[in-house]
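Everything below belongs to my_file15.txt, which stores compact mmCIF, C-alpha atoms.
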```txt
# COMPACT_ATOMS: atom_id res chain seq x y z
CA MET A 232 -0.35 7.82 15.70
CA SER A 233 3.17 7.31 17.01
CA GLU A 234 2.87 3.74 18.25
CA LYS A 235 3.57 1.27 15.47
CA LYS A 236 0.11 -0.16 14.87
CA ILE A 237 0.01 -1.35 11.27
CA LYS A 238 -3.55 -1.23 9.89
CA ASN A 239 -4.61 -3.56 7.14
CA ILE A 240 -5.84 -1.96 3.92
CA PHE A 241 -6.39 -5.06 1.81
CA VAL A 242 -9.78 -6.54 1.09
CA LYS A 243 -10.51 -9.65 -0.93
CA GLY A 244 -12.19 -8.83 -4.24
CA ALA A 245 -14.31 -5.79 -5.09
CA ILE A 246 -15.36 -3.12 -2.58
CA ASP A 247 -19.14 -3.10 -2.22
CA PRO A 248 -20.98 0.25 -2.35
CA SER A 249 -22.91 -0.82 0.76
CA PHE A 250 -19.58 -1.10 2.62
CA ILE A 251 -18.86 2.50 1.57
CA ALA A 252 -22.28 3.56 2.87
CA GLU A 253 -21.59 1.86 6.22
CA SER A 254 -18.23 3.62 6.45
CA ILE A 255 -19.89 6.97 5.86
CA ALA A 256 -22.71 6.27 8.31
CA LYS A 257 -20.23 5.40 11.08
CA HIS A 258 -19.00 8.99 11.00
CA SER A 259 -22.32 10.53 12.00
CA SER A 260 -21.28 10.31 15.66
CA LYS A 261 -18.09 12.27 14.92
CA THR A 262 -19.78 15.64 15.06
CA GLU A 263 -16.55 17.62 14.77
CA ILE A 264 -16.40 16.60 11.09
CA GLY A 265 -17.58 19.10 8.48
CA GLY A 266 -16.34 17.50 5.28
CA HIS A 267 -15.52 14.09 3.85
CA SER A 268 -13.52 13.49 0.70
CA ILE A 269 -13.73 10.12 -1.01
CA PHE A 270 -11.86 8.70 -3.96
CA LEU A 271 -13.00 5.47 -5.58
CA GLY A 272 -11.05 3.57 -8.20
CA GLN A 273 -13.24 1.61 -10.62
CA VAL A 274 -11.97 -1.06 -13.02
CA ARG A 275 -12.19 0.33 -16.54
CA LYS A 276 -13.10 -1.76 -19.57
CA ASP A 277 -10.13 -0.61 -21.61
CA GLU A 278 -9.82 -1.85 -25.18
CA ILE A 279 -6.36 -2.82 -26.37
CA ASP A 280 -5.91 -4.13 -29.93
CA GLY A 281 -9.61 -4.94 -30.13
CA LYS A 282 -9.61 -6.90 -26.87
CA SER A 283 -11.57 -5.74 -23.82
CA VAL A 284 -10.43 -5.88 -20.22
CA SER A 285 -12.86 -8.04 -18.25
CA ALA A 286 -11.20 -7.79 -14.82
CA ILE A 287 -8.04 -6.81 -12.98
CA GLU A 288 -6.30 -9.27 -10.71
CA TYR A 289 -4.39 -7.51 -7.93
CA THR A 290 -1.42 -8.88 -6.05
CA ALA A 291 0.86 -7.13 -3.56
CA PHE A 292 3.97 -7.51 -1.51
CA GLU A 293 1.63 -7.19 1.44
CA ASP A 294 4.04 -6.74 4.36
CA LEU A 295 6.00 -4.04 2.61
CA ALA A 296 2.84 -2.35 1.28
CA LEU A 297 1.31 -2.14 4.76
CA GLU A 298 4.51 -0.74 6.25
CA LYS A 299 4.74 1.84 3.49
CA MET A 300 1.06 2.73 3.91
CA HIS A 301 1.65 3.17 7.64
CA GLU A 302 4.44 5.61 6.88
CA ILE A 303 2.26 7.53 4.40
CA ARG A 304 -0.59 7.59 6.94
CA GLU A 305 1.68 9.09 9.61
CA ASN A 306 3.01 11.71 7.16
CA ILE A 307 -0.50 12.69 6.12
CA PHE A 308 -1.74 13.00 9.70
CA GLU A 309 1.26 15.21 10.49
CA LYS A 310 0.63 17.36 7.44
CA TYR A 311 -3.17 17.82 7.59
CA PRO A 312 -5.60 18.33 10.50
CA LEU A 313 -7.67 15.24 9.77
CA THR A 314 -10.27 13.62 11.96
CA CYS A 315 -9.99 10.26 10.20
CA MET A 316 -8.59 8.45 7.23
CA HIS A 317 -9.61 5.05 5.89
CA ILE A 318 -8.03 3.20 2.97
CA TYR A 319 -9.11 -0.01 1.28
CA GLN A 320 -7.42 -1.66 -1.70
CA SER A 321 -8.69 -4.80 -3.37
CA LEU A 322 -6.56 -7.92 -3.82
CA GLY A 323 -7.58 -10.74 -6.14
CA THR A 324 -10.01 -10.33 -9.00
CA VAL A 325 -12.14 -7.21 -9.51
CA LYS A 326 -14.40 -7.10 -12.55
CA THR A 327 -14.89 -4.10 -14.83
CA GLY A 328 -17.30 -1.62 -13.28
CA GLU A 329 -16.46 -2.73 -9.75
CA ILE A 330 -14.64 -0.66 -7.11
CA CYS A 331 -11.00 -1.58 -6.37
CA LEU A 332 -9.84 1.37 -4.24
CA PHE A 333 -11.59 3.39 -1.54
CA VAL A 334 -9.80 6.33 0.10
CA PHE A 335 -11.81 8.28 2.68
CA THR A 336 -10.61 11.34 4.62
CA SER A 337 -12.53 13.60 6.99
CA SER A 338 -11.81 16.93 8.65
CA ALA A 339 -13.56 19.83 10.38
CA HIS A 340 -13.23 22.04 7.30
CA ARG A 341 -13.24 20.80 3.71
CA LYS A 342 -9.77 21.71 2.45
CA PRO A 343 -7.62 19.31 4.52
CA ALA A 344 -9.91 16.36 3.71
CA ILE A 345 -9.82 17.15 -0.02
CA ASP A 346 -6.05 17.72 -0.20
CA ALA A 347 -5.20 14.71 1.96
CA CYS A 348 -7.44 12.41 -0.08
CA GLU A 349 -5.76 13.39 -3.33
CA GLU A 350 -2.28 13.06 -1.84
CA VAL A 351 -3.03 9.61 -0.41
CA VAL A 352 -4.29 8.40 -3.79
CA GLU A 353 -1.19 9.70 -5.58
CA ARG A 354 1.22 8.28 -3.02
CA LEU A 355 -0.57 4.94 -2.80
CA LYS A 356 -0.36 4.49 -6.57
CA ALA A 357 3.30 5.56 -6.73
CA GLU A 358 4.72 3.96 -3.61
CA LEU A 359 2.82 0.80 -2.68
CA PRO A 360 4.09 -2.49 -4.11
CA ILE A 361 0.81 -3.58 -5.69
CA TRP A 362 0.35 -4.93 -9.20
CA GLY A 363 -2.71 -5.10 -11.41
CA LYS A 364 -2.95 -7.74 -14.09
CA GLU A 365 -5.50 -6.81 -16.74
CA LEU A 366 -7.39 -9.91 -17.81
CA PHE A 367 -8.92 -9.87 -21.29
CA GLU A 368 -12.08 -11.63 -22.34
CA ASP A 369 -10.09 -14.06 -24.51
CA GLY A 370 -8.02 -15.29 -21.56
CA SER A 371 -4.88 -13.31 -22.36
CA HIS A 372 -3.53 -10.61 -20.05
CA GLN A 373 -1.25 -7.62 -19.72
CA TRP A 374 0.27 -5.90 -16.69
CA LYS A 375 -1.26 -2.56 -15.85
CA GLU A 376 0.94 0.50 -15.61
CA ASN A 377 0.07 3.53 -13.51
CA LYS A 378 0.39 6.94 -15.08
CA MET B 269 -25.16 19.59 -22.46
CA SER B 270 -26.20 22.50 -24.66
CA GLU B 271 -29.97 22.18 -24.42
CA LYS B 272 -31.33 24.02 -21.43
CA LYS B 273 -32.42 21.16 -19.20
CA ILE B 274 -32.27 22.37 -15.61
CA LYS B 275 -31.61 19.51 -13.19
CA ASN B 276 -32.81 19.66 -9.62
CA ILE B 277 -30.16 19.42 -6.91
CA PHE B 278 -32.32 19.92 -3.83
CA VAL B 279 -33.40 17.15 -1.52
CA LYS B 280 -35.59 17.48 1.56
CA GLY B 281 -33.62 16.93 4.77
CA ALA B 282 -30.44 14.91 5.23
CA ILE B 283 -28.80 12.81 2.50
CA ASP B 284 -28.82 9.16 3.49
CA PRO B 285 -25.59 7.11 3.13
CA SER B 286 -27.65 4.39 1.43
CA PHE B 287 -28.62 6.91 -1.26
CA ILE B 288 -24.90 7.56 -1.80
CA ALA B 289 -24.28 3.81 -2.09
CA GLU B 290 -27.06 3.52 -4.70
CA SER B 291 -25.56 6.41 -6.67
CA ILE B 292 -22.18 4.69 -6.69
CA ALA B 293 -23.64 1.31 -7.61
CA LYS B 294 -25.47 2.80 -10.61
CA HIS B 295 -22.09 3.60 -12.17
CA SER B 296 -20.94 0.00 -12.40
CA SER B 297 -22.44 -0.23 -15.89
CA LYS B 298 -20.42 2.81 -17.02
CA THR B 299 -17.28 0.82 -17.68
CA GLU B 300 -15.39 3.73 -19.21
CA ILE B 301 -15.07 5.21 -15.70
CA GLY B 302 -11.78 4.72 -13.83
CA GLY B 303 -12.19 7.12 -10.93
CA HIS B 304 -14.90 8.72 -8.83
CA SER B 305 -14.41 11.70 -6.57
CA ILE B 306 -16.97 12.43 -3.88
CA PHE B 307 -17.31 15.31 -1.47
CA LEU B 308 -19.74 15.12 1.43
CA GLY B 309 -20.64 18.02 3.69
CA GLN B 310 -21.59 16.98 7.20
CA VAL B 311 -23.28 19.25 9.76
CA ARG B 312 -20.73 20.06 12.45
CA LYS B 313 -21.64 20.46 16.13
CA ASP B 314 -19.88 23.80 16.49
CA GLU B 315 -19.80 25.40 19.91
CA ILE B 316 -20.38 29.15 20.08
CA ASP B 317 -20.37 30.89 23.47
CA GLY B 318 -20.97 27.57 25.21
CA LYS B 319 -23.95 26.69 23.02
CA SER B 320 -23.90 23.71 20.64
CA VAL B 321 -25.30 23.59 17.14
CA SER B 322 -27.97 20.89 16.98
CA ALA B 323 -28.96 21.27 13.31
CA ILE B 324 -28.76 23.52 10.28
CA GLU B 325 -31.90 24.64 8.51
CA TYR B 326 -31.25 25.32 4.82
CA THR B 327 -33.26 27.61 2.59
CA ALA B 328 -32.52 28.72 -0.96
CA PHE B 329 -33.65 30.98 -3.73
CA GLU B 330 -34.35 27.79 -5.60
CA ASP B 331 -34.98 29.00 -9.14
CA LEU B 332 -31.87 31.15 -9.20
CA ALA B 333 -29.77 28.46 -7.49
CA LEU B 334 -30.78 25.86 -10.07
CA GLU B 335 -30.04 28.19 -12.97
CA LYS B 336 -26.66 29.08 -11.48
CA MET B 337 -25.90 25.40 -10.87
CA HIS B 338 -26.80 24.65 -14.48
CA GLU B 339 -24.30 27.28 -15.62
CA ILE B 340 -21.60 25.86 -13.32
CA ARG B 341 -22.36 22.35 -14.58
CA GLU B 342 -21.94 23.42 -18.20
CA ASN B 343 -18.66 25.22 -17.40
CA ILE B 344 -17.31 22.18 -15.58
CA PHE B 345 -18.24 19.78 -18.40
CA GLU B 346 -16.50 22.10 -20.88
CA LYS B 347 -13.39 22.29 -18.71
CA TYR B 348 -12.96 18.64 -17.66
CA PRO B 349 -13.46 15.34 -19.55
CA LEU B 350 -16.06 13.98 -17.14
CA THR B 351 -18.29 10.97 -17.61
CA CYS B 352 -20.81 12.17 -15.05
CA MET B 353 -21.51 14.67 -12.32
CA HIS B 354 -24.21 14.51 -9.64
CA ILE B 355 -24.96 17.15 -7.04
CA TYR B 356 -27.36 17.04 -4.11
CA GLN B 357 -27.88 19.79 -1.53
CA SER B 358 -30.22 19.49 1.43
CA LEU B 359 -33.02 21.95 2.12
CA GLY B 360 -34.84 22.06 5.45
CA THR B 361 -33.40 20.70 8.66
CA VAL B 362 -30.26 18.55 8.80
CA LYS B 363 -29.05 17.44 12.22
CA THR B 364 -25.43 17.43 13.39
CA GLY B 365 -23.59 14.41 12.04
CA GLU B 366 -25.89 14.13 9.02
CA ILE B 367 -24.91 14.74 5.40
CA CYS B 368 -26.12 17.98 3.77
CA LEU B 369 -24.11 18.06 0.53
CA PHE B 370 -23.12 15.30 -1.92
CA VAL B 371 -20.98 16.13 -4.95
CA PHE B 372 -20.02 13.19 -7.16
CA THR B 373 -17.85 13.35 -10.29
CA SER B 374 -16.52 10.53 -12.46
CA SER B 375 -13.99 10.29 -15.27
CA ALA B 376 -11.85 7.78 -17.15
CA HIS B 377 -8.70 8.87 -15.30
CA ARG B 378 -8.63 10.19 -11.75
CA LYS B 379 -7.39 13.76 -12.17
CA PRO B 380 -10.41 15.35 -13.92
CA ALA B 381 -12.85 13.79 -11.43
CA ILE B 382 -10.79 15.03 -8.46
CA ASP B 383 -10.28 18.55 -9.80
CA ALA B 384 -13.87 18.95 -10.99
CA CYS B 385 -15.28 17.77 -7.66
CA GLU B 386 -13.24 20.31 -5.72
CA GLU B 387 -14.16 23.11 -8.13
CA VAL B 388 -17.86 22.30 -7.98
CA VAL B 389 -17.80 22.38 -4.16
CA GLU B 390 -16.01 25.73 -4.11
CA ARG B 391 -18.29 27.29 -6.71
CA LEU B 392 -21.47 25.88 -5.16
CA LYS B 393 -20.56 27.39 -1.79
CA ALA B 394 -19.58 30.75 -3.29
CA GLU B 395 -22.20 31.20 -6.00
CA LEU B 396 -25.44 29.44 -5.07
CA PRO B 397 -28.05 31.45 -3.17
CA ILE B 398 -28.45 29.02 -0.28
CA TRP B 399 -28.49 29.91 3.40
CA GLY B 400 -27.80 27.80 6.46
CA LYS B 401 -29.33 28.76 9.80
CA GLU B 402 -27.49 27.15 12.68
CA LEU B 403 -29.99 26.06 15.31
CA PHE B 404 -28.71 25.78 18.88
CA GLU B 405 -29.93 23.37 21.50
CA ASP B 406 -31.49 26.19 23.51
CA GLY B 407 -33.72 27.29 20.61
CA SER B 408 -31.64 30.28 19.55
CA HIS B 409 -29.95 30.48 16.15
CA GLN B 410 -27.30 32.21 14.07
CA TRP B 411 -26.79 32.44 10.33
CA LYS B 412 -23.92 30.37 9.01
CA GLU B 413 -21.17 32.03 7.01
CA ASN B 414 -19.05 30.20 4.44
CA LYS B 415 -15.30 30.68 4.55
CA MET C 21 -43.78 51.80 -9.87
CA GLU C 22 -44.44 48.66 -7.92
CA ILE C 23 -41.88 45.94 -7.29
CA GLU C 24 -42.02 42.52 -5.67
CA LEU C 25 -39.51 41.84 -2.88
CA LEU C 26 -38.00 38.47 -1.98
CA SER C 27 -35.77 38.46 1.07
CA PHE C 28 -33.66 35.56 2.25
CA GLY C 29 -31.67 34.30 5.21
CA LYS C 30 -30.93 36.80 7.93
CA ILE C 31 -32.48 39.59 5.85
CA ALA C 32 -35.85 37.81 5.82
CA GLU C 33 -35.91 38.31 9.59
CA PHE C 34 -36.28 42.07 9.30
CA ILE C 35 -37.52 42.71 5.75
CA THR C 36 -40.86 40.97 5.65
CA VAL C 37 -42.67 43.26 3.22
CA LYS C 38 -43.41 41.51 -0.09
CA ARG C 39 -44.37 44.46 -2.25
CA LEU C 40 -43.05 47.98 -2.42
CA MET C 41 -44.35 51.13 -4.14
CA LEU C 42 -41.44 53.19 -5.35
CA ASP C 43 -41.74 56.91 -6.10
CA GLY C 44 -38.86 58.64 -7.80
CA ILE C 45 -36.70 55.53 -7.75
CA SER C 46 -35.71 54.12 -11.12
CA ASP C 47 -32.68 51.93 -10.55
CA THR C 48 -31.09 49.52 -8.08
CA ASP C 49 -28.74 52.14 -6.59
CA GLY C 50 -31.80 54.19 -5.68
CA LEU C 51 -33.56 51.10 -4.35
CA LYS C 52 -30.58 50.16 -2.17
CA LYS C 53 -30.50 53.63 -0.62
CA HIS C 54 -34.24 53.48 -0.01
CA LEU C 55 -34.03 50.04 1.61
CA GLU C 56 -31.04 50.97 3.77
CA ASP C 57 -32.86 54.05 5.02
CA LYS C 58 -35.96 52.05 5.78
CA PHE C 59 -34.09 49.05 7.27
CA PRO C 60 -30.92 50.35 8.95
CA GLN C 61 -29.71 46.77 9.69
CA LEU C 62 -29.29 46.28 5.96
CA SER C 63 -26.67 49.03 5.73
CA GLU C 64 -24.53 47.20 8.28
CA MET C 65 -24.25 43.99 6.29
CA LYS C 66 -23.13 42.65 2.96
CA TYR C 67 -25.87 41.75 0.55
CA LYS C 68 -26.56 41.28 -3.14
CA LEU C 69 -29.57 42.02 -5.27
CA ALA C 70 -31.05 39.91 -8.02
CA VAL C 71 -33.40 41.53 -10.51
CA ASP C 72 -35.81 39.10 -12.15
CA LYS C 73 -33.64 36.17 -11.03
CA ARG C 74 -30.36 37.64 -12.27
CA ILE C 75 -27.74 38.60 -9.73
CA ILE C 76 -26.62 42.13 -10.54
CA GLN C 77 -23.09 43.45 -10.10
CA GLU C 78 -23.75 47.05 -11.10
CA ASN C 79 -26.50 49.63 -11.10
CA THR C 80 -29.51 48.39 -13.09
CA ILE C 81 -32.66 50.14 -14.33
CA LEU C 82 -35.82 48.83 -12.71
CA GLN C 83 -38.99 47.99 -14.63
CA ASN C 84 -42.46 48.07 -13.14
CA LYS C 85 -43.36 44.68 -11.59
CA ALA C 86 -39.68 43.73 -11.28
CA ILE C 87 -38.93 40.94 -8.82
CA ILE C 88 -36.08 41.99 -6.55
CA ALA C 89 -34.31 39.43 -4.35
CA ILE C 90 -32.28 40.74 -1.40
CA MET C 91 -29.67 38.16 -0.48
CA PRO C 92 -27.16 38.05 2.39
CA PRO C 93 -23.86 36.18 1.86
CA PHE C 94 -24.44 32.61 0.73
CA SER C 95 -23.81 29.72 3.09
CA GLY C 96 -24.85 26.58 1.28
CA GLY C 97 -22.92 23.34 1.21
CA MET D 294 25.86 -17.19 0.38
CA GLU D 295 22.22 -18.10 -0.06
CA ILE D 296 19.39 -15.61 -0.58
CA GLU D 297 15.65 -15.93 -0.80
CA LEU D 298 13.96 -14.41 -3.87
CA LEU D 299 10.45 -12.95 -4.04
CA SER D 300 9.34 -11.88 -7.48
CA PHE D 301 6.15 -9.98 -8.28
CA GLY D 302 3.89 -8.96 -11.14
CA LYS D 303 5.29 -9.45 -14.63
CA ILE D 304 8.66 -10.51 -13.19
CA ALA D 305 7.07 -13.45 -11.39
CA GLU D 306 6.22 -14.83 -14.83
CA PHE D 307 9.86 -15.47 -15.72
CA ILE D 308 11.72 -15.53 -12.40
CA THR D 309 10.19 -18.43 -10.57
CA VAL D 310 13.21 -19.58 -8.59
CA LYS D 311 12.75 -18.96 -4.85
CA ARG D 312 16.30 -19.47 -3.62
CA LEU D 313 19.65 -18.56 -5.10
CA MET D 314 23.21 -19.56 -4.21
CA LEU D 315 25.52 -16.63 -4.86
CA ASP D 316 29.27 -17.06 -5.35
CA GLY D 317 31.44 -13.99 -5.43
CA ILE D 318 28.46 -11.62 -5.18
CA SER D 319 28.30 -9.45 -2.11
CA ASP D 320 25.97 -6.55 -2.92
CA THR D 321 22.82 -5.63 -4.83
CA ASP D 322 24.70 -4.20 -7.83
CA GLY D 323 26.37 -7.59 -8.24
CA LEU D 324 23.04 -9.35 -7.77
CA LYS D 325 21.34 -7.19 -10.40
CA LYS D 326 24.03 -7.98 -12.96
CA HIS D 327 23.75 -11.68 -12.12
CA LEU D 328 19.95 -11.66 -12.47
CA GLU D 329 20.01 -9.67 -15.71
CA ASP D 330 22.51 -12.13 -17.21
CA LYS D 331 20.42 -15.06 -16.15
CA PHE D 332 17.04 -13.48 -17.07
CA PRO D 333 17.59 -11.20 -20.10
CA GLN D 334 13.97 -9.95 -19.94
CA LEU D 335 14.81 -8.25 -16.65
CA SER D 336 17.42 -6.02 -18.28
CA GLU D 337 14.77 -4.67 -20.64
CA MET D 338 12.46 -3.41 -17.93
CA LYS D 339 12.36 -1.09 -14.95
CA TYR D 340 12.41 -2.79 -11.58
CA LYS D 341 13.28 -2.14 -7.96
CA LEU D 342 14.78 -4.35 -5.29
CA ALA D 343 13.79 -4.58 -1.66
CA VAL D 344 16.24 -6.15 0.79
CA ASP D 345 14.59 -7.59 3.88
CA LYS D 346 11.40 -5.61 3.14
CA ARG D 347 13.15 -2.29 2.61
CA ILE D 348 13.11 -0.79 -0.87
CA ILE D 349 16.68 0.16 -1.73
CA GLN D 350 17.67 3.17 -3.79
CA GLU D 351 21.43 2.51 -3.89
CA ASN D 352 23.88 -0.33 -3.81
CA THR D 353 23.49 -2.37 -0.61
CA ILE D 354 25.63 -5.09 0.97
CA LEU D 355 23.90 -8.47 1.10
CA GLN D 356 23.87 -10.69 4.17
CA ASN D 357 23.48 -14.44 4.04
CA LYS D 358 19.78 -15.46 4.12
CA ALA D 359 18.70 -12.00 2.91
CA ILE D 360 15.20 -11.82 1.43
CA ILE D 361 15.32 -10.02 -1.91
CA ALA D 362 12.12 -8.81 -3.57
CA ILE D 363 12.27 -8.03 -7.30
CA MET D 364 9.49 -5.62 -8.15
CA PRO D 365 8.31 -4.21 -11.50
CA PRO D 366 6.68 -0.72 -11.57
CA PHE D 367 3.75 -0.53 -9.17
CA SER D 368 0.20 -0.44 -10.49
CA GLY D 369 -2.10 -0.46 -7.49
CA GLY D 370 -5.16 1.71 -7.03
```
Once you've parsed the file, please lay out its structure as C-alpha cells.
Amino acid sequence: MSEKKIKNIFVKGAIDPSFIAESIAKHSSKTEIGGHSIFLGQVRKDEIDGKSVSAIEYTAFEDLALEKMHEIRENIFEKYPLTCMHIYQSLGTVKTGEICLFVFTSSAHRKPAIDACEEVVERLKAELPIWGKELFEDGSHQWKENK
Amino acid sequence: MSEKKIKNIFVKGAIDPSFIAESIAKHSSKTEIGGHSIFLGQVRKDEIDGKSVSAIEYTAFEDLALEKMHEIRENIFEKYPLTCMHIYQSLGTVKTGEICLFVFTSSAHRKPAIDACEEVVERLKAELPIWGKELFEDGSHQWKENK
Amino acid sequence: MEIELLSFGKIAEFITVKRLMLDGISDTDGLKKHLEDKFPQLSEMKYKLAVDKRIIQENTILQNKAIIAIMPPFSGG
Amino acid sequence: MEIELLSFGKIAEFITVKRLMLDGISDTDGLKKHLEDKFPQLSEMKYKLAVDKRIIQENTILQNKAIIAIMPPFSGG
C-alpha cells in the first residue's frame, strides 16, 4: 500500500444491489477471509416542513476527496489486519430508497473487518469533501448535514 | 414483536450472493431507512498440520436455536431503533470461500444498524446451539471452536 | 425413570444412545456424573445440558420422559 | 495577485466567481475577511479552505495563481 496509487471511489448515480452481489462473489477465491463487514447508505425520504425528499444530488471536490480517501485507506490498512477494503460513493442523483454508499471490508477473523468498516464510514463522512443536496418533490432543495 | 412468532434462520448449504442482493433490493421501498449494516461469515481454508479445510458441515439443535434467536431478536429490537433485521445461517455443507452466515440490520441512522449487527453476530456465535465440523481434503475432520 | 438423549457435534461421535434408563438418579448433577462415568471422553471436555429444550445453568430435577440435550461448545456463524 | 476560486455545495450558490484579483492580501486570514465582506452569507456559516488541494487548519501564505477551494461542512455518505 505504500506506492501512491489513488483508487477511484466515485460511481455515477445509485449503487445497484447486483453490483454488491458481484463484489461479494469475487471474494470466494480469497479463502483466507472469514468475515466481511458491509455498510450501505440508503437515501432516506425525510420530511421537512411537510415536504418529502425525493432524491439527493451528490457533488464532490473529487481530487481532494480521492487523496483524502487514499490517506484514510493507508491508515486503516496499517491499523487493522484486513484482506481487502472496497469503497464506493455515488455522485449525481440518487433517489430515495436507493444505495449511495457501499463500504466493504474483509479479514480472516470478524473483529478487524467490523471495526474497520465502521471507522471508514465515520471518517469518510467527516473528512471527505462531498456534499449532498436534498431535492424535494416540489423542486426546492436543502443542503444535507452529516451528524 | 411481542407475539411469539418464531422465524426460521436456517438455510440449506451456502448463502448465494444473489440472495443477499435480493434482500438488499427489497429494502428500497422502506424509505425511512438510512443505513444498512451487513455481516457475512465466509468459510476459511484454514491449514492445520499441513491439511487444508475444504468445507464446514453445520448442524444445529434447531428448535432450541430458533427459540434462542427469537429471544435475541426481541432483545435487540428493544435495545436499538431498528427498521429491520434478517438473519440466515447455513446448515449442511458449505465449501471454503462460500458464505455461511448473513446478518442484516437496518435503521434510520447508521449507528443502531452497525451496533445491532455486531451484537447479533457475537450473540449468535456465543448462544446458538450450532456446530461446525471442519472437513479436510483428506477426509478427516475436526470440530470448529468459536473464539 | 427413562429419559431421551440428544447429543450434538463432537459428543454425537461417542454418545450414540438415544434413550437411557436411570436408577437412583433424580437430577442433572447425578446425570452428568453417570454420563461422565459411562463416557470418559465427556469428562475431558466442556459441555452444556438442555432439559426439555431449555439450557440449564444449575442443577435441575429430572422428570420421567425428559429430553436431555448434551451440547459441546457452540461454533455457529 | 490572482487566485482561482472553487466553491462547493451551498457556497457555490452565492460565490460563483472563478477568479479573484487580490490587492494587499497575502494570506488566507486576509482572504477570508475579504470574502466574508464581499459575501455576507459566508460569515454566517461554517466553512473550510483548501489551498492547492490541501485543507488548511491555520493561516497560510498565498502564492500567485493559488487554487482556493471554499467548502461548507461535508455531507457525503
Pull the closest atom pair for each residue of chain B that gets at most 8 Å from chain A, along with the distance in Å to one decimal, counting all atoms listed in the file, ordering rows by chain and then ascending residue number, as a tab-separated table.
```
residue	atom	partner	partner_atom	distance
B:Pro285	CA	A:Ala252	CA	4.9
B:Ser286	CA	A:Ala252	CA	5.6
B:Ile288	CA	A:Ala252	CA	6.7
B:Ala289	CA	A:Pro248	CA	4.9
B:Glu290	CA	A:Pro248	CA	7.3
B:Ile292	CA	A:Pro248	CA	6.3
B:Ala293	CA	A:Pro248	CA	6.0
B:His295	CA	A:Gly328	CA	7.2
B:Ser296	CA	A:Gly328	CA	4.1
B:Ser297	CA	A:Gly328	CA	5.9
B:Lys298	CA	A:Gly328	CA	6.6
B:Thr299	CA	A:Gly328	CA	5.0
B:Glu300	CA	A:Arg275	CA	5.4
B:Ile301	CA	A:Arg275	CA	5.7
B:Gly302	CA	A:Gln273	CA	4.7
B:Gly303	CA	A:Gly272	CA	4.6
B:His304	CA	A:Leu271	CA	5.0
B:Ser305	CA	A:Phe270	CA	4.7
B:Ile306	CA	A:Ile269	CA	4.9
B:Phe307	CA	A:Ser268	CA	4.7
B:Leu308	CA	A:His267	CA	5.0
B:Gly309	CA	A:Gly266	CA	4.6
B:Gln310	CA	A:Gly265	CA	4.7
B:Val311	CA	A:Gly265	CA	5.8
B:Arg312	CA	A:Gly265	CA	5.2
B:Lys313	CA	A:Thr262	CA	5.3
B:Asp314	CA	A:Glu263	CA	7.2
B:Thr364	CA	A:Thr262	CA	6.2
B:Gly365	CA	A:Ser259	CA	4.1
B:Glu366	CA	A:Ser259	CA	5.9
B:Ala376	CA	A:Arg275	CA	7.5
B:Arg378	CA	A:Gly272	CA	7.9
B:Ile382	CA	A:Glu349	CA	7.4
B:Glu386	CA	A:Ile345	CA	7.4
```
### Query
How many Å lie between atom CA of C:Ser95 and atom CA of B:Ile398, rounded to one decimal?
5.8 Å
### Query
Once you count all atoms listed in the file, which residues end up no further than 12 Å from (5.1, 6.7, 8.1) in the file's frame, shown as an MDAnalysis selection string?
chainID A and resid 232:238 296:310 354
Would you export the selected residues with C-alpha atoms as a PDB file, keeping the file's coordinate frame, please?
```
ATOM      1  CA  MET A 232      -0.350   7.820  15.700  1.00  0.00           C
ATOM      2  CA  SER A 233       3.170   7.310  17.010  1.00  0.00           C
ATOM      3  CA  GLU A 234       2.870   3.740  18.250  1.00  0.00           C
ATOM      4  CA  LYS A 235       3.570   1.270  15.470  1.00  0.00           C
ATOM      5  CA  LYS A 236       0.110  -0.160  14.870  1.00  0.00           C
ATOM      6  CA  ILE A 237       0.010  -1.350  11.270  1.00  0.00           C
ATOM      7  CA  LYS A 238      -3.550  -1.230   9.890  1.00  0.00           C
ATOM      8  CA  ALA A 296       2.840  -2.350   1.280  1.00  0.00           C
ATOM      9  CA  LEU A 297       1.310  -2.140   4.760  1.00  0.00           C
ATOM     10  CA  GLU A 298       4.510  -0.740   6.250  1.00  0.00           C
ATOM     11  CA  LYS A 299       4.740   1.840   3.490  1.00  0.00           C
ATOM     12  CA  MET A 300       1.060   2.730   3.910  1.00  0.00           C
ATOM     13  CA  HIS A 301       1.650   3.170   7.640  1.00  0.00           C
ATOM     14  CA  GLU A 302       4.440   5.610   6.880  1.00  0.00           C
ATOM     15  CA  ILE A 303       2.260   7.530   4.400  1.00  0.00           C
ATOM     16  CA  ARG A 304      -0.590   7.590   6.940  1.00  0.00           C
ATOM     17  CA  GLU A 305       1.680   9.090   9.610  1.00  0.00           C
ATOM     18  CA  ASN A 306       3.010  11.710   7.160  1.00  0.00           C
ATOM     19  CA  ILE A 307      -0.500  12.690   6.120  1.00  0.00           C
ATOM     20  CA  PHE A 308      -1.740  13.000   9.700  1.00  0.00           C
ATOM     21  CA  GLU A 309       1.260  15.210  10.490  1.00  0.00           C
ATOM     22  CA  LYS A 310       0.630  17.360   7.440  1.00  0.00           C
ATOM     23  CA  ARG A 354       1.220   8.280  -3.020  1.00  0.00           C
TER      24      ARG A 354
END
```
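Residues in contact with C:Ile23 at up to 9 Å, not including ones fewer than 4 positions away on its chain and judged by all atoms listed in the file, are Lys38, Arg39, Leu40, Met41, Leu42, Leu82, Gln83, Asn84, Lys85, Ala86, Ile87 and Ile88 of chain C.
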### Task
May I ask for the distance between atom CA of B:Ser320 and atom CA of C:Ala32, given in Å to one decimal place?
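Taking atom CA of B:Ser320 and atom CA of C:Ala32, their separation equals 23.7 Å.
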Counting all atoms listed in the file, what are the residues of chain B within 6 Å of chain C, and for each of them which pair of atoms is the nearest and at what distance in Å, to one decimal? Sort the table by chain and rising number, as a Markdown table.
```
| residue | atom | partner | partner_atom | distance |
| --- | --- | --- | --- | --- |
| B:Leu332 | CA | C:Lys73 | CA | 5.6 |
| B:Leu369 | CA | C:Gly97 | CA | 5.5 |
| B:Lys393 | CA | C:Gly96 | CA | 5.3 |
| B:Pro397 | CA | C:Phe94 | CA | 5.4 |
| B:Ile398 | CA | C:Gly96 | CA | 4.6 |
| B:Trp399 | CA | C:Ser95 | CA | 4.7 |
| B:Gly400 | CA | C:Ser95 | CA | 5.6 |
| B:Lys412 | CA | C:Ser95 | CA | 6.0 |
| B:Glu413 | CA | C:Ser95 | CA | 5.3 |
| B:Asn414 | CA | C:Ser95 | CA | 5.0 |
```
